[in-house]
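Chemist: Let me begin by handing over the structure; questions about it come next.
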There are 2 protein chains.
Amino acid sequence: MENIRNKVERKPWLGWAIFIVSLLVVFLIGLFSSSIMERRAEAIVAFRPQVKYADNEPRNEIWGENFPRQFQSYQQTSDTSFKSKYNGNAMIDMLEVDPRLVILWAGYAFSKDYKQSRGHFYAVEDVNNTLRTGAPKTSADGPMPATCWTCKSPDVPRLMEKEGAAGFYTGTWASKGAEIVNHIGCADCHDAKTMNLRISRPALVEAYQNMGKDIKQATHQEMRSLVCAQCHVEYYFDKKKVEGANYLTFPWHNGFTVEAMEQYYDAIHFSDWTHALSKAPMLKAQHPDYELHSMGVHADRGVSCADCHMPYTNEGGQKFTSHKMSSPLSAVSSSCQVCHREETDKLIANVYERQTKVIEIRDELEKQLVMCHLEAKAAWDAGATEESMKDILQGIRKAQWRWDYAAASHGAAFHAPLETSRVIANGLVFAQETRISLARLLIKLGVNEPLTYPDIDTKAKAQTLIRLDMEKLHAEKAAFLENVVPQWKKEAAAREATYPLTRNL
Amino acid sequence: MENIRNKVERKPWLGWAIFIVSLLVVFLIGLFSSSIMERRAEAIVAFRPQVKYADNEPRNEIWGENFPRQFQSYQQTSDTSFKSKYNGNAMIDMLEVDPRLVILWAGYAFSKDYKQSRGHFYAVEDVNNTLRTGAPKTSADGPMPATCWTCKSPDVPRLMEKEGAAGFYTGTWASKGAEIVNHIGCADCHDAKTMNLRISRPALVEAYQNMGKDIKQATHQEMRSLVCAQCHVEYYFDKKKVEGANYLTFPWHNGFTVEAMEQYYDAIHFSDWTHALSKAPMLKAQHPDYELHSMGVHADRGVSCADCHMPYTNEGGQKFTSHKMSSPLSAVSSSCQVCHREETDKLIANVYERQTKVIEIRDELEKQLVMCHLEAKAAWDAGATEESMKDILQGIRKAQWRWDYAAASHGAAFHAPLETSRVIANGLVFAQETRISLARLLIKLGVNEPLTYPDIDTKAKAQTLIRLDMEKLHAEKAAFLENVVPQWKKEAAAREATYPLTRNL
């Protein structure tokens with residue numbers, strides 16, 4: 001400093017030069033700051049609400065006016081081009097691909113129709129279309145209960161607010177057809193006021209309570225999986241909890257494993273249906289996605305559902321969460337490659353390799369289960385007693401529950417490949433013990449020759465074997481879609497016109 | 001510059017100041033360089049040869065004089081404290097832990113004695129000690145062939161140079177006892193002149209040829225696994241290749257998978273032994289470590305055996321490859337954590353979780369195999385014909401081959417957990433079909449009640465069941481260790497004193 005002061009004293013112009021340079025630097029800093037603030041301001045403008053709506057607003061397109069990026073990406077769940085590319089079909093007919101399933105589910109609605117899901121955008125349309133929901137003519141008609149709507153629409157929290165959870169779970173599926181018209185969307189996972197993630201379905205909150213946990217303690221990162229876990233889980237309908245209601249319940253009381261859930265179901269003597277061929281008291285696994293994911297390495301490393309299925313993306317300088325839920329394989333660069341430095345092709349090959357290995361042994365278990373049901377039927381036909389069939393039917397229940405838990409969970413072979421194959425291998429052990437008992441019993445009953453594997457290489461053959469009248473089911477469904485659904489939509493449109501809404505804030 | 005020149009012209013002392021400062025800076029740079037060169041020089045000094053030895057020198061301690069760090073770390077393969085810590089025992093008696101193995105290997109030497117390996121340091125000692133090598137009194141006595149020495153010692157390449165591979169593979173194990181005294185070591189993997197990694201065993205070179213590949217094209221990183229693959233593989237003794245020789249051969253002709261190797265063995269009608277109970281033509285899996293590792297994610301990512309089992313380490317400023325081959329779990333920080341940023345405890349838990357899941361289903365398969373052998377014996381005892389047993393014996397062979405391939409491979413449950421469980425699950429399917437056939441056959445033969453699982457909860461009970469006279473085996477082994485082994489050592493010492501050696505170079 002002493003030096004500079006001396007110089008300045010000797011040369012007065014030097015002082016001015018330093019002063020002017022300082023001015024220039026400060027001016028430039030100002031310019032940069034302004035530029036940064038401008039970009040920030042753009043961002044804030046982008047989020048200025050355009051419309052005000054009720055807390056339980058079920059229409060996604062209304063929310064979308066305030067959050068166009070999230071909404072537009074969400075609407076792309078209608079895009080099935082990736083599924084078509086990999087599967088040759090946006091909506092594989094699983095029963096056609098694998099007719100063994102028809103036998104495994106004989107006596108249960110899934111034996112009629114089971115297609116690969118298309119995406120959230122089609123949630124309501126596809127549940128109306130499937131043969132599983134039948135063809136009710138009036139709101140009193142079955143076959144399905146109202147509870148089947150629970151995961152299909154943001155109209156559900158709206159209705160639950162009005163009727164209470166138990167009220168919602170009461171009555172037929174058809175009785176709420178006119179109420180539920182908006183496909184899964186914004187209000188299912190977001191609070192309308194704060195846009196925070198929220199749990200809109202009581203079943204998950206209650207499942208936490210049943211495990212002695214409080215879901216309100218969940219971190220934001222946990223919520224990025226838990227909003228999915230409202231639906232992507234194993235569940236059943238508890239008919240004993242509230243008179244008349246099919247109360248949606250997750251069997252998480254003892255844990256997430258296939259054994260823990262079985263222990264729970266066994267203890268309450270629950271079965272989803274009695275098998276049409278074997279008469280075994282069956283369990284149908286829904287889709288224990290969250291449960292199996294939680295047993296895999298990605299969950300162990302703190303990766304949430306959204307991290308891979310709704311990766312961060314960028315548009316016009318704005319970073320936001322893509323709401324196009326989809327296979328991470330359709331967006332490897334923004335999902336897998338955030339952590340994994342391998343090439344896209346290799347990462348996809350790694351996923352398919354895991355799936356191929358798990359599917360190989362899952363198929364073996366399926367074949368054993370087909371034989372279990374047919375051999376049990378042969379035993380009944382030959383005069384087997386309830387007593388002699390008791391352990392056999394339990395064995396079939398156990399083996400198929402393990403198969404279904406592994407097979408029904410979306411992405412199980414990737415989420416937790418080793419746990420999935422552990423479950424399948426244990427299913428093989430139960431199927432094995434059961435078929436040995438069946439072999440002994442059949443001979444005792446005079447059936448000396450082993451049964452041959454049935455000719456079920458098409459869905460049609462398998463459905464004929466279990467005596468389904470598919471023509472009738474299709475005709476009834478067509479009539480339902482022509483007569484009933486349009487009426488539901490008309491009623492819904494009239495009601496939605498009355499929802500409170502303020503535009504041009 | 002103009003400015004400085006002006007200043008210097010006005011103030012001559014400024015020029016001198018710049019000159020002196022420059023001198024000072026250059027002097028300091030010189031000092032630093034000298035310090036760096038000194039450290040480098042130290043490193044070079046550390047690798048200056050102290051002793052010159054023959055190309056086929058088998059004594060590790062001689063090589064160790066030139067490479068003290070590598071040698072000293074290698075000698076630490078004698079340290080069993082990590083194994084003791086995790087297992088409670090440095091050398092688990094596997095037959096005691098799991099007496100089912102005695103039944104599975106009835107009629108084969110492994111049913112007498114099978115302990116967890118201790119480390120390369122004990123290779124020669126432990127092969128002398130095990131009951132499997134029996135108690136030869138003369139060099140003509142069995143039961144084992146010379147080929148059993150192949151993986152035990154750097155005396156093997158020395159002898160092969162003299163006798164040729166086929167010569168080495170000829171004769172009894174006892175006939176080469178005096179030749180093979182140095183445990184696995186330097187010359188097994190290194191070229192004495194260049195210290196490059198080398199393949200010293202012809203079986204691996206020939207296996208590559210059988211696959212239409214040239215092992216000389218292998219990269220250095222591949223060699224960091226291939227030197228291990230000289231021994232840590234599946235192999236068998238080909239008795240047809242050279243008259244009188246048990247020619248060590250890897251069954252890699254069709255690939256590494258359990259099915260590919262089985263296809264090869266089936267095609268040449270090979271079996272390791274005929275099972276003492278079931279009479280099935282059995283395959284014994286050795287340790288397909290390299291093969292299963294190659295099907296796992298670590299191999300897929302280019303990780304070599306040495307990367308984890310011989311991680312880089314640092315001593316006195318010197319980076320070198322630790323030659324203490326050991327479980328990476330004993331050195332997580334220098335192995336796993338080079339890539340994985342998780343805590344040590346979590347990484348270890350991850351490994352154990354994989355092992356636990358695989359062991360669970362492996363144990364189920366073992367139980368099924370025990371029953372297969374006992375039920376097959378019961379069928380023979382009840383008068384079964386060769387014809388009626390044919391498919392059953394093939395089923396037992398297939399099921400146990402899958403079990404053994406998965407069980408015998410060191411670290412399989414970690415190296416390739418999913419492939420391992422795929423193999424086990426397929427083993428379960430074969431065991432299942434076989435036991436169903438056995439159930440039908442037994443009833444046909446008048447054995448109406450199912451066999452109960454045998455009481456084999458200790459090694460002693462299981463060995464009694466298969467009628468092994470353990471007392472006799474132990475007594476004979478003790479005599480062998482007292483009379484024969486010291487003689488071998490004496491002969492070896494006399495011979496080694498004649499090996500060419502130059503000290504104080």
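Naming scheme: A, B, ... for chains in displayed order of the structure tokens; residues 1 onward per chain; ligands 1 onward as shown.
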Would you list the contacts of stretch 243-250 of chain A as number ranges by chain, taking every protein, DNA or RNA residue within 9 Å and counting only C-alpha atoms, but skipping same-chain residues closer than 5 positions in sequence?
Modeler: A: 145-147, 150, 165-171, 202-204, 206-207, 233-238
Chemist: Set the cut-off to 6 Å and count only C-alpha atoms: what are the residues of chain B that reach chain A? Output as an MDAnalysis selection string.
Modeler: chainID B and resid 418 425 432 436
Chemist: With only C-alpha atoms as the counted atoms, please give the residues lying no more than 8 Å from A:Ser330, apart from itself and same-chain residues fewer than 3 positions off, as a list in words.
Modeler: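 The neighbour list is Phe82, Ser326 and Ser327 of chain A.
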Chemist: Neighbours of B:Glu291 within 12 Å (only C-alpha atoms; same-chain residues fewer than 5 positions away dropped), as an NGL selection string?
Modeler: :B and (225-226 or 228-235 or 250-252 or 255-258 or 260-261 or 285-286 or 296 or 299 or 305 or 405-406 or 408-412 or 415-416 or 419-420)
Chemist: Extract the full set of helix (DSSP H, G or I) residues from stretch 287-391 of chain B according to DSSP on the backbone, and format it as a ChimeraX atom specification.
Modeler: /B:289-293,297-300,305-309,328-331,336-338,344-381,386-391
Chemist: Leaving out A:Asn196 and any residue of its chain fewer than 4 positions from it, which residues lie within 10 Å of it when counting only C-alpha atoms, given as a ChimeraX atom specification?
Modeler: /A:189-192,220,223
Chemist: Would you mind exporting C-alpha atoms of the selected residues as a CSV table (one decimal), in the first residue's frame?
Modeler:
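So the final result, stored in part.csv, reads:
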```csv
chain,number,residue,atom,x,y,z
A,189,CYS,CA,-49.6,-37.1,-5.4
A,190,HIS,CA,-49.7,-33.3,-4.9
A,191,ASP,CA,-51.2,-31.0,-2.4
A,192,ALA,CA,-53.1,-28.3,-4.3
A,220,HIS,CA,-38.9,-35.7,0.7
A,223,MET,CA,-41.9,-39.4,-0.5
```
Chemist: What's the 10 Å shell around B:Ile466, counting only C-alpha atoms, without same-chain residues fewer than 2 positions away, as a list in words?
Modeler: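 That gives Val102, Ile103, Trp105, Ala106, Gly107, Ser111, Ala276, Leu277, Lys461, Ala462, Gln463, Thr464, Leu468 and Asp469 of chain B.
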Chemist: Give me, please, the distance in Å between atom CA of A:Ala399 and atom CA of A:Phe430, quoted to one decimal.
Modeler: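 Those two atoms sit 5.1 Å apart.
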Chemist: Find the residues around A:His120 up to 9 Å (only C-alpha atoms counted), leave out those fewer than 2 positions away in its own chain, and share them as a list in words.
Modeler: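 With the cut-off at 9 Å, the set is Tyr74, Gln75, Thr77, Ser78, Ser117, Arg118, Tyr122, Ala123, Val124, Lys152, His183, Ile184, Gly185 and Met325 of chain A.
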